[in-house]
>>> print(open('coords.cif').read())   # mmCIF, C-alpha atoms
data_my_file
loop_
_atom_site.label_atom_id
_atom_site.label_comp_id
_atom_site.auth_asym_id
_atom_site.auth_seq_id
_atom_site.Cartn_x
_atom_site.Cartn_y
_atom_site.Cartn_z
CA MET A 144 238.52 -95.94 94.68
CA SER A 145 239.13 -98.90 92.44
CA LEU A 146 239.77 -98.66 88.71
CA ILE A 147 236.39 -100.30 88.02
CA ALA A 148 234.69 -97.67 90.16
CA TRP A 149 236.40 -94.87 88.21
CA ILE A 150 235.33 -96.41 84.89
CA ALA A 151 231.76 -96.71 86.15
CA LEU A 152 231.74 -93.09 87.32
CA VAL A 153 233.08 -91.81 83.98
CA SER A 154 230.43 -93.82 82.14
CA CYS A 155 227.75 -92.46 84.47
CA VAL A 156 228.87 -88.88 83.83
CA ALA A 157 228.90 -89.53 80.06
CA TRP A 158 225.32 -90.76 80.20
CA ALA A 159 224.22 -87.76 82.27
CA TRP A 160 225.73 -85.50 79.61
CA LEU A 161 224.11 -87.45 76.77
CA LEU A 162 220.74 -87.34 78.51
CA LEU A 163 220.73 -83.55 78.82
CA GLY A 164 223.35 -82.19 76.42
CA GLN A 165 222.96 -84.13 73.17
CA GLY A 166 219.88 -82.42 71.76
CA LEU A 167 217.37 -84.65 73.58
CA PHE A 168 218.26 -87.24 70.95
CA TRP A 169 216.28 -89.92 72.75
CA ARG A 170 212.92 -88.27 72.17
CA THR A 171 210.85 -89.41 69.20
CA ASP A 172 208.53 -86.43 68.77
CA GLN A 173 210.22 -84.91 65.70
CA ARG A 174 207.59 -85.68 63.05
CA LEU A 175 206.48 -83.65 60.03
CA PRO A 176 206.16 -79.99 61.08
CA ARG A 177 202.80 -79.08 62.53
CA GLY A 178 200.68 -76.36 61.03
CA SER A 179 201.46 -77.30 57.42
CA VAL A 180 198.93 -75.84 54.98
CA GLU A 181 198.28 -77.26 51.55
CA PRO A 182 199.32 -74.86 48.79
CA VAL A 183 196.77 -73.25 46.50
CA ALA A 184 198.78 -74.31 43.45
CA TRP A 185 200.53 -77.64 43.90
CA PRO A 186 204.13 -77.71 42.60
CA SER A 187 205.29 -80.37 40.19
CA VAL A 188 207.22 -83.34 41.59
CA ALA A 189 209.45 -85.99 40.07
CA VAL A 190 209.89 -89.14 42.16
CA VAL A 191 213.36 -90.59 41.48
CA VAL A 192 213.83 -94.24 42.48
CA PRO A 193 217.29 -95.81 42.01
CA ALA A 194 216.82 -99.58 41.79
CA ARG A 195 219.32 -102.39 41.45
CA ASP A 196 217.95 -105.95 41.70
CA GLU A 197 214.83 -104.88 43.60
CA ALA A 198 212.20 -107.20 42.09
CA GLU A 199 211.50 -108.70 45.52
CA VAL A 200 210.25 -105.45 47.07
CA LEU A 201 208.85 -103.49 44.11
CA PRO A 202 205.32 -104.99 44.22
CA VAL A 203 204.80 -103.22 47.54
CA SER A 204 207.04 -100.15 47.32
CA LEU A 205 206.52 -99.09 43.70
CA THR A 206 202.79 -99.77 43.85
CA SER A 207 202.56 -97.40 46.83
CA LEU A 208 204.17 -94.65 44.75
CA LEU A 209 202.03 -95.30 41.69
CA ARG A 210 198.93 -94.86 43.86
CA GLN A 211 199.92 -91.55 45.44
CA ASP A 212 197.03 -89.12 45.96
CA TYR A 213 198.76 -85.98 44.74
CA PRO A 214 196.74 -83.08 43.27
CA GLY A 215 199.59 -81.60 41.24
CA ARG A 216 201.67 -82.89 38.34
CA ALA A 217 203.88 -85.78 39.38
CA GLU A 218 205.77 -88.59 37.70
CA ILE A 219 208.00 -91.47 38.72
CA VAL A 220 211.42 -92.07 37.20
CA LEU A 221 212.70 -95.51 38.13
CA VAL A 222 216.38 -95.88 37.28
CA ASP A 223 217.17 -99.53 36.59
CA ASP A 224 220.81 -99.64 37.65
CA GLY A 225 222.09 -102.74 35.86
CA SER A 226 219.61 -105.15 37.43
CA THR A 227 219.76 -108.84 36.58
CA ASP A 228 216.45 -109.89 38.19
CA GLY A 229 214.01 -108.18 35.82
CA THR A 230 213.52 -105.06 37.93
CA GLY A 231 212.78 -102.81 34.95
CA GLU A 232 210.34 -105.21 33.32
CA LEU A 233 208.51 -105.77 36.59
CA ALA A 234 208.24 -102.02 37.20
CA ARG A 235 206.56 -101.52 33.82
CA ALA A 236 204.19 -104.41 34.46
CA LEU A 237 203.23 -102.99 37.87
CA ALA A 238 202.48 -99.60 36.31
CA GLU A 239 200.27 -101.21 33.68
CA ARG A 240 198.47 -103.28 36.34
CA CYS A 241 197.90 -100.20 38.49
CA ALA A 242 196.50 -98.24 35.55
CA TRP A 243 194.17 -101.13 34.65
CA ARG A 244 192.92 -101.85 38.17
CA HIS A 245 192.65 -98.30 39.48
CA GLY A 246 192.07 -96.33 36.31
CA GLY A 247 195.20 -94.23 36.58
CA GLY A 248 198.15 -93.74 38.85
CA LEU A 249 201.28 -91.66 38.51
CA PRO A 250 203.04 -92.06 35.17
CA LEU A 251 206.17 -94.20 35.28
CA ASN A 252 209.31 -93.84 33.19
CA VAL A 253 211.87 -96.66 33.48
CA VAL A 254 215.37 -95.69 32.36
CA SER A 255 218.86 -97.16 32.60
CA PRO A 256 222.04 -95.07 33.02
CA GLY A 257 224.60 -97.70 32.13
CA PRO A 258 227.64 -98.45 34.32
CA PRO A 259 228.70 -95.61 36.64
CA GLU A 260 231.57 -93.41 35.55
CA ARG A 261 234.78 -93.37 37.54
CA GLY A 262 234.42 -91.50 40.83
CA TRP A 263 230.67 -92.09 41.18
CA THR A 264 228.95 -94.47 43.57
CA GLY A 265 226.28 -96.54 41.87
CA LYS A 266 223.32 -95.04 43.70
CA LEU A 267 224.34 -91.43 43.06
CA TRP A 268 225.05 -92.22 39.41
CA ALA A 269 221.50 -93.56 39.13
CA VAL A 270 220.09 -90.53 40.98
CA ARG A 271 222.00 -88.21 38.63
CA HIS A 272 220.47 -89.89 35.60
CA GLY A 273 216.98 -89.86 37.12
CA ILE A 274 217.19 -86.14 37.94
CA ALA A 275 218.40 -85.36 34.41
CA VAL A 276 215.44 -87.24 32.94
CA ALA A 277 213.00 -85.50 35.30
CA ARG A 278 214.35 -82.05 34.43
CA GLY A 279 213.87 -82.75 30.76
CA HIS A 280 210.17 -83.55 31.08
CA GLY A 281 207.41 -80.99 30.95
CA GLU A 282 207.57 -77.22 30.73
CA GLY A 283 210.13 -75.78 33.10
CA GLY A 284 211.24 -79.15 34.44
CA THR A 285 210.06 -79.97 37.94
CA ASP A 286 209.77 -77.99 41.18
CA PHE A 287 210.57 -80.78 43.64
CA LEU A 288 212.42 -84.07 43.59
CA LEU A 289 211.40 -86.94 45.86
CA LEU A 290 214.45 -89.16 46.22
CA THR A 291 213.26 -92.45 47.66
CA ASP A 292 214.79 -95.91 47.82
CA ALA A 293 213.25 -98.88 46.02
CA ASP A 294 212.44 -100.63 49.30
CA ILE A 295 210.40 -97.74 50.76
CA ALA A 296 206.59 -97.90 50.81
CA HIS A 297 204.61 -94.67 51.13
CA ALA A 298 201.08 -94.15 52.44
CA PRO A 299 198.75 -92.71 49.75
CA ASP A 300 199.05 -89.17 51.16
CA SER A 301 202.80 -89.28 51.81
CA LEU A 302 203.86 -87.10 48.88
CA ARG A 303 201.05 -84.66 49.57
CA ARG A 304 202.11 -84.27 53.22
CA LEU A 305 205.79 -83.84 52.34
CA VAL A 306 205.11 -81.11 49.80
CA ALA A 307 202.72 -79.30 52.16
CA ALA A 308 205.42 -79.29 54.86
CA ALA A 309 208.08 -78.01 52.47
CA THR A 310 205.94 -75.22 51.00
CA SER A 311 204.37 -74.12 54.31
CA HIS A 312 207.68 -73.85 56.16
CA ARG A 313 209.85 -72.80 53.19
CA LEU A 314 212.07 -75.83 53.50
CA ASP A 315 214.52 -76.85 50.78
CA LEU A 316 214.97 -80.41 52.02
CA VAL A 317 212.46 -82.48 54.01
CA SER A 318 213.62 -85.94 55.02
CA GLN A 319 211.89 -88.67 57.00
CA MET A 320 213.58 -91.64 58.61
CA ALA A 321 211.45 -94.52 57.32
CA ARG A 322 210.15 -96.98 59.88
CA LEU A 323 212.30 -100.05 59.27
CA ARG A 324 210.99 -103.60 59.32
CA VAL A 325 211.05 -105.38 62.72
CA ALA A 326 209.37 -108.72 62.03
CA GLY A 327 212.06 -111.20 63.07
CA GLY A 328 214.04 -111.71 66.26
CA TRP A 329 217.30 -110.25 64.95
CA GLU A 330 215.44 -107.27 63.47
CA ARG A 331 213.83 -106.58 66.85
CA LEU A 332 217.23 -106.65 68.54
CA VAL A 333 219.21 -104.62 66.01
CA VAL A 334 216.91 -102.31 64.02
CA PRO A 335 215.48 -99.97 66.71
CA ALA A 336 219.03 -99.47 67.99
CA PHE A 337 220.11 -98.59 64.46
CA VAL A 338 217.76 -95.61 64.44
CA TYR A 339 218.54 -94.78 68.09
CA PHE A 340 222.27 -94.53 67.30
CA PHE A 341 221.53 -92.36 64.26
CA CYS A 342 219.47 -89.98 66.40
CA GLN A 343 222.29 -89.88 68.94
CA LEU A 344 224.88 -88.96 66.33
CA TYR A 345 222.60 -86.47 64.53
CA PRO A 346 220.00 -85.20 67.01
CA PHE A 347 216.97 -84.26 64.97
CA ARG A 348 216.39 -81.09 67.00
CA TRP A 349 219.89 -79.92 66.14
CA VAL A 350 219.34 -80.67 62.46
CA ASN A 351 216.06 -78.77 62.45
CA ARG A 352 217.66 -75.80 64.25
CA ALA A 353 220.66 -75.62 61.91
CA ARG A 354 223.12 -76.96 64.50
CA ALA A 355 223.80 -80.15 62.52
CA SER A 356 223.17 -81.48 59.02
CA ALA A 357 221.79 -84.90 58.19
CA ALA A 358 219.12 -86.65 56.17
CA ALA A 359 217.70 -90.14 55.84
CA GLY A 360 218.25 -91.34 52.30
CA GLY A 361 215.13 -93.47 52.02
CA CYS A 362 212.84 -90.44 51.83
CA VAL A 363 214.16 -87.01 50.81
CA LEU A 364 212.01 -84.28 49.27
CA LEU A 365 214.35 -81.73 47.68
CA ARG A 366 213.66 -78.49 45.87
CA THR A 367 215.12 -78.68 42.40
CA ALA A 368 216.44 -75.12 42.74
CA ALA A 369 218.22 -76.08 45.98
CA ALA A 370 219.77 -79.10 44.28
CA GLU A 371 221.08 -76.85 41.52
CA ARG A 372 222.53 -74.33 44.01
CA ALA A 373 224.25 -77.13 45.93
CA GLY A 374 225.54 -78.78 42.76
CA VAL A 375 224.15 -82.16 43.75
CA PRO A 376 224.46 -84.96 43.08
CA GLY A 377 227.72 -84.11 41.29
CA ALA A 378 229.21 -82.39 44.34
CA ILE A 379 228.83 -85.58 46.41
CA ARG A 380 229.32 -88.14 43.65
CA GLY A 381 231.83 -90.24 45.58
CA ALA A 382 230.05 -90.23 48.96
CA VAL A 383 229.17 -93.65 50.37
CA ILE A 384 227.09 -92.03 53.15
CA ASP A 385 225.23 -90.07 50.51
CA ASP A 386 222.24 -88.82 52.52
CA VAL A 387 224.30 -86.99 55.15
CA ALA A 388 226.56 -85.62 52.41
CA LEU A 389 223.47 -84.38 50.53
CA ALA A 390 222.12 -82.57 53.60
CA ARG A 391 225.47 -80.90 54.23
CA ALA A 392 225.75 -79.75 50.63
CA VAL A 393 222.26 -78.23 50.72
CA ARG A 394 222.96 -76.54 54.07
CA ARG A 395 226.29 -75.13 52.85
CA SER A 396 224.54 -73.55 49.87
CA GLY A 397 222.10 -71.73 52.15
CA GLY A 398 219.25 -74.22 52.10
CA ARG A 399 216.90 -74.98 55.00
CA ILE A 400 216.60 -78.64 55.94
CA TRP A 401 214.36 -80.69 58.21
CA LEU A 402 214.67 -84.28 59.46
CA GLY A 403 212.27 -86.39 61.50
CA LEU A 404 210.78 -89.81 62.08
CA ALA A 405 208.10 -91.08 59.72
CA ASP A 406 204.55 -92.16 60.47
CA HIS A 407 203.54 -92.99 56.90
CA VAL A 408 206.80 -94.16 55.28
CA ASP A 409 208.03 -97.73 55.84
CA SER A 410 210.89 -99.90 54.65
CA VAL A 411 209.72 -103.26 53.36
CA ARG A 412 213.16 -104.81 52.96
CA PRO A 413 213.52 -107.91 55.14
CA TYR A 414 216.63 -108.64 57.20
CA PRO A 415 215.67 -112.03 58.62
CA ARG A 416 219.18 -113.17 59.58
CA LEU A 417 221.93 -111.56 61.60
CA ALA A 418 224.18 -111.95 58.55
CA ASP A 419 221.83 -109.72 56.52
CA LEU A 420 221.89 -106.98 59.14
CA TRP A 421 225.64 -107.41 59.56
CA ARG A 422 226.29 -106.80 55.86
CA MET A 423 223.96 -103.79 55.86
CA VAL A 424 225.92 -102.13 58.69
CA ALA A 425 229.43 -103.27 57.82
CA ARG A 426 229.25 -102.10 54.20
CA SER A 427 229.55 -98.44 55.19
CA ALA A 428 230.62 -98.24 58.85
CA TYR A 429 234.32 -97.71 58.13
CA ALA A 430 233.49 -95.10 55.48
CA GLN A 431 231.66 -93.13 58.19
CA LEU A 432 234.90 -93.25 60.19
CA ARG A 433 236.82 -91.78 57.22
CA HIS A 434 238.76 -95.03 56.83
CA SER A 435 240.91 -94.00 59.79
CA VAL A 436 242.42 -96.57 62.13
CA ALA A 437 242.80 -93.89 64.83
CA VAL A 438 239.14 -92.90 64.60
CA LEU A 439 238.19 -96.57 64.64
CA ALA A 440 240.18 -97.10 67.84
CA CYS A 441 238.51 -94.09 69.50
CA THR A 442 235.09 -95.29 68.38
CA VAL A 443 235.61 -98.78 69.78
CA ALA A 444 236.87 -97.31 73.06
CA GLY A 445 233.86 -94.98 73.23
CA LEU A 446 231.42 -97.80 72.59
CA ALA A 447 233.04 -99.92 75.26
CA LEU A 448 233.07 -97.13 77.85
CA VAL A 449 229.54 -95.90 77.29
CA TYR A 450 227.61 -99.08 76.43
CA LEU A 451 229.56 -102.07 77.70
CA ALA A 452 231.10 -100.71 80.89
CA PRO A 453 227.85 -100.04 82.85
CA PRO A 454 226.57 -103.65 83.06
CA LEU A 455 230.10 -105.04 83.46
CA CYS A 456 230.93 -102.58 86.26
CA LEU A 457 227.63 -103.36 87.98
CA ALA A 458 228.34 -107.08 87.87
CA ALA A 459 231.94 -106.62 89.03
CA GLY A 460 230.88 -104.27 91.79
CA VAL A 461 228.25 -106.65 93.12
CA ALA A 462 230.59 -109.63 92.92
CA GLY A 463 233.52 -107.80 94.53
CA GLY A 464 231.63 -105.76 97.09
CA ASP A 465 232.56 -102.45 95.40
CA ALA A 466 229.57 -100.23 96.20
CA VAL A 467 230.71 -97.29 94.06
CA ALA A 468 231.25 -99.44 90.98
CA ALA A 469 227.91 -101.18 91.46
CA TRP A 470 225.97 -97.95 92.07
CA ALA A 471 227.56 -95.95 89.22
CA GLY A 472 227.39 -98.86 86.77
CA GLY A 473 223.76 -99.52 87.62
CA ALA A 474 222.85 -95.83 87.32
CA ALA A 475 224.52 -95.53 83.90
CA TRP A 476 222.76 -98.68 82.68
CA ALA A 477 219.42 -97.35 83.94
CA VAL A 478 219.85 -94.04 82.11
CA MET A 479 220.92 -95.89 78.97
CA ALA A 480 217.84 -98.13 79.08
CA GLY A 481 215.58 -95.20 79.84
CA THR A 482 216.74 -93.24 76.81
CA TYR A 483 216.08 -96.30 74.62
CA VAL A 484 212.48 -96.76 75.76
CA PRO A 485 210.94 -94.06 73.47
CA MET A 486 212.50 -95.70 70.39
CA LEU A 487 211.17 -99.11 71.41
CA ARG A 488 207.74 -97.51 71.84
CA TYR A 489 207.99 -95.99 68.37
CA TYR A 490 208.74 -99.44 66.98
CA ARG A 491 205.98 -101.01 69.12
CA GLN A 492 208.43 -103.37 70.79
CA PRO A 493 208.38 -104.68 74.39
CA LEU A 494 210.02 -102.14 76.66
CA ARG A 495 211.92 -104.85 78.54
CA GLY A 496 214.20 -104.98 75.51
CA ALA A 497 215.80 -101.72 76.67
CA VAL A 498 218.11 -103.62 79.05
CA LEU A 499 219.58 -105.46 76.04
CA LEU A 500 220.99 -102.30 74.45
CA PRO A 501 224.57 -103.17 75.61
CA VAL A 502 224.28 -106.47 73.73
CA THR A 503 223.23 -104.68 70.56
CA ALA A 504 226.00 -102.11 71.00
CA PHE A 505 228.52 -104.95 71.26
CA LEU A 506 227.23 -106.32 67.94
CA TYR A 507 227.65 -102.88 66.36
CA LEU A 508 231.19 -102.72 67.73
CA LEU A 509 232.00 -106.04 66.04
CA MET A 510 230.35 -104.90 62.80
CA THR A 511 232.46 -101.74 62.83
CA VAL A 512 235.69 -103.67 63.28
CA ASP A 513 234.63 -106.10 60.56
CA SER A 514 233.93 -103.17 58.22
CA ALA A 515 237.50 -101.94 58.75
CA LEU A 516 238.93 -105.41 58.16
CA ARG A 517 236.97 -105.73 54.91
CA HIS A 518 238.29 -102.39 53.73
CA HIS A 519 241.92 -103.25 54.45
CA ARG A 520 241.46 -106.60 52.71
CA GLY A 521 240.38 -104.75 49.58
CA ARG A 522 236.65 -105.37 49.81
CA GLY A 523 235.75 -101.83 50.90
CA ALA A 524 232.14 -100.66 51.05
CA ALA A 525 230.45 -103.45 49.11
CA TRP A 526 226.84 -103.44 48.00
CA LYS A 527 225.09 -105.56 45.37
CA GLY A 528 228.22 -106.55 43.54
CA ARG A 529 230.01 -103.19 43.74
CA THR A 530 232.89 -102.25 46.00
CA TYR A 531 233.96 -98.70 46.81
CA GLY A 532 237.29 -97.66 48.21
CA ALA A 533 238.11 -94.60 50.30
CA PRO A 534 236.67 -91.49 48.63
CA GLN A 535 239.02 -88.68 47.73
CA ALA A 536 238.77 -85.49 49.77
CA VAL A 537 237.23 -83.61 46.86
CA PHE A 538 234.18 -85.84 47.15
CA GLY A 539 233.46 -84.64 50.68
CA ALA A 540 234.02 -87.53 53.05
CA VAL A 541 231.65 -87.39 56.01
CA ALA A 542 233.23 -85.93 59.15
CA VAL A 543 232.79 -87.72 62.44
CA HIS A 544 232.50 -85.69 65.64
CA LEU A 545 233.64 -87.83 68.54
CA ARG A 546 231.73 -87.17 71.71
CA PRO A 547 231.15 -89.43 74.70
CA GLY A 548 228.84 -92.20 73.59
CA VAL A 549 228.58 -91.08 69.98
CA GLN A 550 229.66 -93.43 67.25
CA PHE A 551 229.21 -94.05 63.56
CA MET A 552 225.85 -94.55 62.00
CA PRO A 553 225.80 -96.20 58.59
CA GLN A 554 222.68 -95.86 56.43
CA PRO A 555 220.47 -98.71 55.30
#
>>> encode(input="coords.cif", output="structure tokens")
Amino acid sequence: MSLIAWIALVSCVAWAWLLLGQGLFWRTDQRLPRGSVEPVAWPSVAVVVPARDEAEVLPVSLTSLLRQDYPGRAEIVLVDDGSTDGTGELARALAERCAWRHGGGLPLNVVSPGPPERGWTGKLWAVRHGIAVARGHGEGGTDFLLLTDADIAHAPDSLRRLVAAATSHRLDLVSQMARLRVAGGWERLVVPAFVYFFCQLYPFRWVNRARASAAAGGCVLLRTAAAERAGVPGAIRGAVIDDVALARAVRRSGGRIWLGLADHVDSVRPYPRLADLWRMVARSAYAQLRHSVAVLACTVAGLALVYLAPPLCLAAGVAGGDAVAAWAGGAAWAVMAGTYVPMLRYYRQPLRGAVLLPVTAFLYLLMTVDSALRHHRGRGAAWKGRTYGAPQAVFGAVAVHLRPGVQFMPQP
């Protein structure tokens, strides 16, 4: 057999293994646990929102939190992390407007932590300050913490459903992958694949059966007692991929975690241009690879073999009359597209887009290489004016398990 035929066969075998042996990652049926019962006495909740220059999205996201229909005691702590666009002032104005128009709403406390101390990423420094403020309010502090990003909008019953799931199933951490925005052409091409790759790297079934640990940072409900046992956020203060590090810390301390796709939690942040999506991925891709050139090389090779080889082998086989290469390449591409269909359905996108997954994977490959180049040029993981270098081992860098077809997944 030709070399192209061998490559096609290896790729085909890899896809057969991924289809059946990677926790059914391609299925999208992991939603909030069924059978959740609302508690008789609702626990207290503090919603902690780290925000840095988020005035553009707050009118939608913060308003959705202020209008939560939650029967128990709840408050919002918005941590204005050195914003220069009036984020804090706008948050206070939105709270006043909500109280005037709707006769109430969750109470809002806007605080500012000052510049992060050495060894802390900006977001975790803000989360630390928000948790400290929340623990100091009310008798006995708070029972649960909802850690949610400033660009995440919640349906009115979102908090209620999260708490019911956590209390009914005795979960210490409940996390939902927010449905990301897919309004523009580049978002349609890149965003569903973003979540698909995350599910491939951290199959939700494995997470929910204690075979893996992961969370989605946009929406994490965490028991305060579990946070204290795990020593978070201090124990993960230097983590760039903070949500996965958080889940691992909670799991290591004996906590029970759950992760699934959201039906009532949406990201409202726009990524209208490819450059916007590129920056979002490249800022943390190399950190996920532990800033290792060797791991980067293996990742690029894996991406090429699993995602790029099938269509190229099919084309080469057809053009050169190599039946094995054409058949194996076509079969691998078909399996790849088939596993992508459920995610496209979840995002309500045309299913014909499944055949374009190799194109999207090639873009992710380039973004990964660019992330490494930025790091070695001294720009590191950059976000909103801050740049982070390689974290020290004590901060718990995220491990990467290399399997056929599995690559990094940076968080939005």
>>> closest_residue(input="coords.cif", among="A:Met479, A:Ala359, A:Leu402, A:Leu389", to="A:Asp172", atoms="all atoms listed in the file")
A:Leu402
>>> closest_residue(input="coords.cif", among="A:Ala307, A:Pro413, A:Val192, A:Gly273", to="A:Gly360", atoms="only C-alpha atoms")
A:Val192
>>> resolve_selection(input="coords.cif", expression="the PyMOL selection byres ((chain A and resi 322) around 7)", output="number ranges by chain")
A: 320-321, 323-324, 405, 408-410
>>> closest_atom_pairs(input="coords.cif", of="stretch 149-179 of chain A", to="stretch 439-460 of chain A", cutoff="8 Å", atoms="all atoms listed in the file", output="JSON lines")
{"residue": "A:Ile150", "atom": "CA", "partner": "A:Ala452", "partner_atom": "CA", "distance": 7.2}
{"residue": "A:Ala151", "atom": "CA", "partner": "A:Cys456", "partner_atom": "CA", "distance": 5.9}
{"residue": "A:Ser154", "atom": "CA", "partner": "A:Val449", "partner_atom": "CA", "distance": 5.4}
{"residue": "A:Cys155", "atom": "CA", "partner": "A:Pro453", "partner_atom": "CA", "distance": 7.8}
{"residue": "A:Ala157", "atom": "CA", "partner": "A:Val449", "partner_atom": "CA", "distance": 7.0}
{"residue": "A:Trp158", "atom": "CA", "partner": "A:Val449", "partner_atom": "CA", "distance": 7.3}
>>> axis_aligned_box(input="coords.cif", around="stretch 156-159 of chain A", padding_each_side="8 Å", output="lines of an AutoDock Vina configuration file")
center_x = 226.6
center_y = -89.3
center_z = 81.9
size_x = 20.7
size_y = 19.0
size_z = 19.8
>>> closest_residue(input="coords.cif", among="A:Val254, A:Val383, A:Ala275, A:Val156", to="A:Ala474", atoms="all atoms listed in the file")
A:Val156
>>> atom_distance(input="coords.cif", atom1="atom CA of A:Leu365", atom2="atom CA of A:Val325")
28.2 Å
>>> residues_around(input="coords.cif", residues="A:Arg352", least_positions_apart="3", cutoff="12 Å", atoms="only C-alpha atoms", output="PyMOL selection string")
chain A and resi 166+173+345-349+355-357+394+399-402
>>> write_last_selection(input="coords.cif", atoms="C-alpha atoms", output="short mmCIF file (atom, residue, chain, number, x, y, z; two decimals), in the frame of the given file")
data_model
loop_
_atom_site.label_atom_id
_atom_site.label_comp_id
_atom_site.auth_asym_id
_atom_site.auth_seq_id
_atom_site.Cartn_x
_atom_site.Cartn_y
_atom_site.Cartn_z
CA GLY A 166 219.88 -82.42 71.76
CA GLN A 173 210.22 -84.91 65.70
CA TYR A 345 222.60 -86.47 64.53
CA PRO A 346 220.00 -85.20 67.01
CA PHE A 347 216.97 -84.26 64.97
CA ARG A 348 216.39 -81.09 67.00
CA TRP A 349 219.89 -79.92 66.14
CA ALA A 355 223.80 -80.15 62.52
CA SER A 356 223.17 -81.48 59.02
CA ALA A 357 221.79 -84.90 58.19
CA ARG A 394 222.96 -76.54 54.07
CA ARG A 399 216.90 -74.98 55.00
CA ILE A 400 216.60 -78.64 55.94
CA TRP A 401 214.36 -80.69 58.21
CA LEU A 402 214.67 -84.28 59.46
#
>>> resolve_selection(input="coords.cif", expression="the PyMOL selection byres ((chain A and resi 415) around 10)", output="mmCIF file with C-alpha atoms, in the coordinates of the input")
data_model
loop_
_atom_site.group_PDB
_atom_site.id
_atom_site.type_symbol
_atom_site.label_atom_id
_atom_site.label_comp_id
_atom_site.auth_asym_id
_atom_site.auth_seq_id
_atom_site.Cartn_x
_atom_site.Cartn_y
_atom_site.Cartn_z
ATOM 1 C CA ARG A 324 210.990 -103.600 59.320
ATOM 2 C CA VAL A 325 211.050 -105.380 62.720
ATOM 3 C CA ALA A 326 209.370 -108.720 62.030
ATOM 4 C CA GLY A 327 212.060 -111.200 63.070
ATOM 5 C CA GLY A 328 214.040 -111.710 66.260
ATOM 6 C CA TRP A 329 217.300 -110.250 64.950
ATOM 7 C CA GLU A 330 215.440 -107.270 63.470
ATOM 8 C CA ARG A 412 213.160 -104.810 52.960
ATOM 9 C CA PRO A 413 213.520 -107.910 55.140
ATOM 10 C CA TYR A 414 216.630 -108.640 57.200
ATOM 11 C CA ARG A 416 219.180 -113.170 59.580
ATOM 12 C CA LEU A 417 221.930 -111.560 61.600
ATOM 13 C CA ALA A 418 224.180 -111.950 58.550
ATOM 14 C CA ASP A 419 221.830 -109.720 56.520
ATOM 15 C CA LEU A 420 221.890 -106.980 59.140
#
>>> closest_residue(input="coords.cif", among="A:Arg174, A:His272, A:Arg235, A:His297", to="A:Ala198", atoms="only C-alpha atoms")
A:Arg235
>>> atom_distance(input="coords.cif", atom1="atom CA of A:Arg391", atom2="atom CA of A:Leu302")
23.1 Å
>>> resolve_selection(input="coords.cif", expression="the PyMOL selection byres ((chain A and resi 204) around 7)", output="compact mmCIF listing (two decimals) with C-alpha atoms, in the frame of the given file")
# COMPACT_ATOMS: atom_id res chain seq x y z
CA VAL A 200 210.25 -105.45 47.07
CA LEU A 201 208.85 -103.49 44.11
CA PRO A 202 205.32 -104.99 44.22
CA VAL A 203 204.80 -103.22 47.54
CA LEU A 205 206.52 -99.09 43.70
CA THR A 206 202.79 -99.77 43.85
CA SER A 207 202.56 -97.40 46.83
CA LEU A 208 204.17 -94.65 44.75
CA ALA A 293 213.25 -98.88 46.02
CA ASP A 294 212.44 -100.63 49.30
CA ILE A 295 210.40 -97.74 50.76
CA ALA A 296 206.59 -97.90 50.81
>>> residues_around(input="coords.cif", residues="stretch 367-371 of chain A", least_positions_apart="2", cutoff="7 Å", atoms="only C-alpha atoms", output="short mmCIF file (atom, residue, chain, number, x, y, z; two decimals) with C-alpha atoms, in the frame of the given file")
data_model
loop_
_atom_site.label_atom_id
_atom_site.label_comp_id
_atom_site.auth_asym_id
_atom_site.auth_seq_id
_atom_site.Cartn_x
_atom_site.Cartn_y
_atom_site.Cartn_z
CA THR A 285 210.06 -79.97 37.94
CA ASP A 286 209.77 -77.99 41.18
CA PHE A 287 210.57 -80.78 43.64
CA LEU A 288 212.42 -84.07 43.59
CA ASP A 315 214.52 -76.85 50.78
CA LEU A 365 214.35 -81.73 47.68
CA ALA A 373 224.25 -77.13 45.93
CA GLY A 374 225.54 -78.78 42.76
CA VAL A 375 224.15 -82.16 43.75
CA VAL A 393 222.26 -78.23 50.72
CA GLY A 398 219.25 -74.22 52.10
#
>>> closest_residue(input="coords.cif", among="A:Glu218, A:Arg380, A:Asp228, A:His519", to="A:Arg261", atoms="all atoms listed in the file")
A:Arg380
>>> closest_residue(input="coords.cif", among="A:Leu267, A:Val188, A:Leu251, A:Pro258", to="A:Gly284", atoms="only C-alpha atoms")
A:Val188
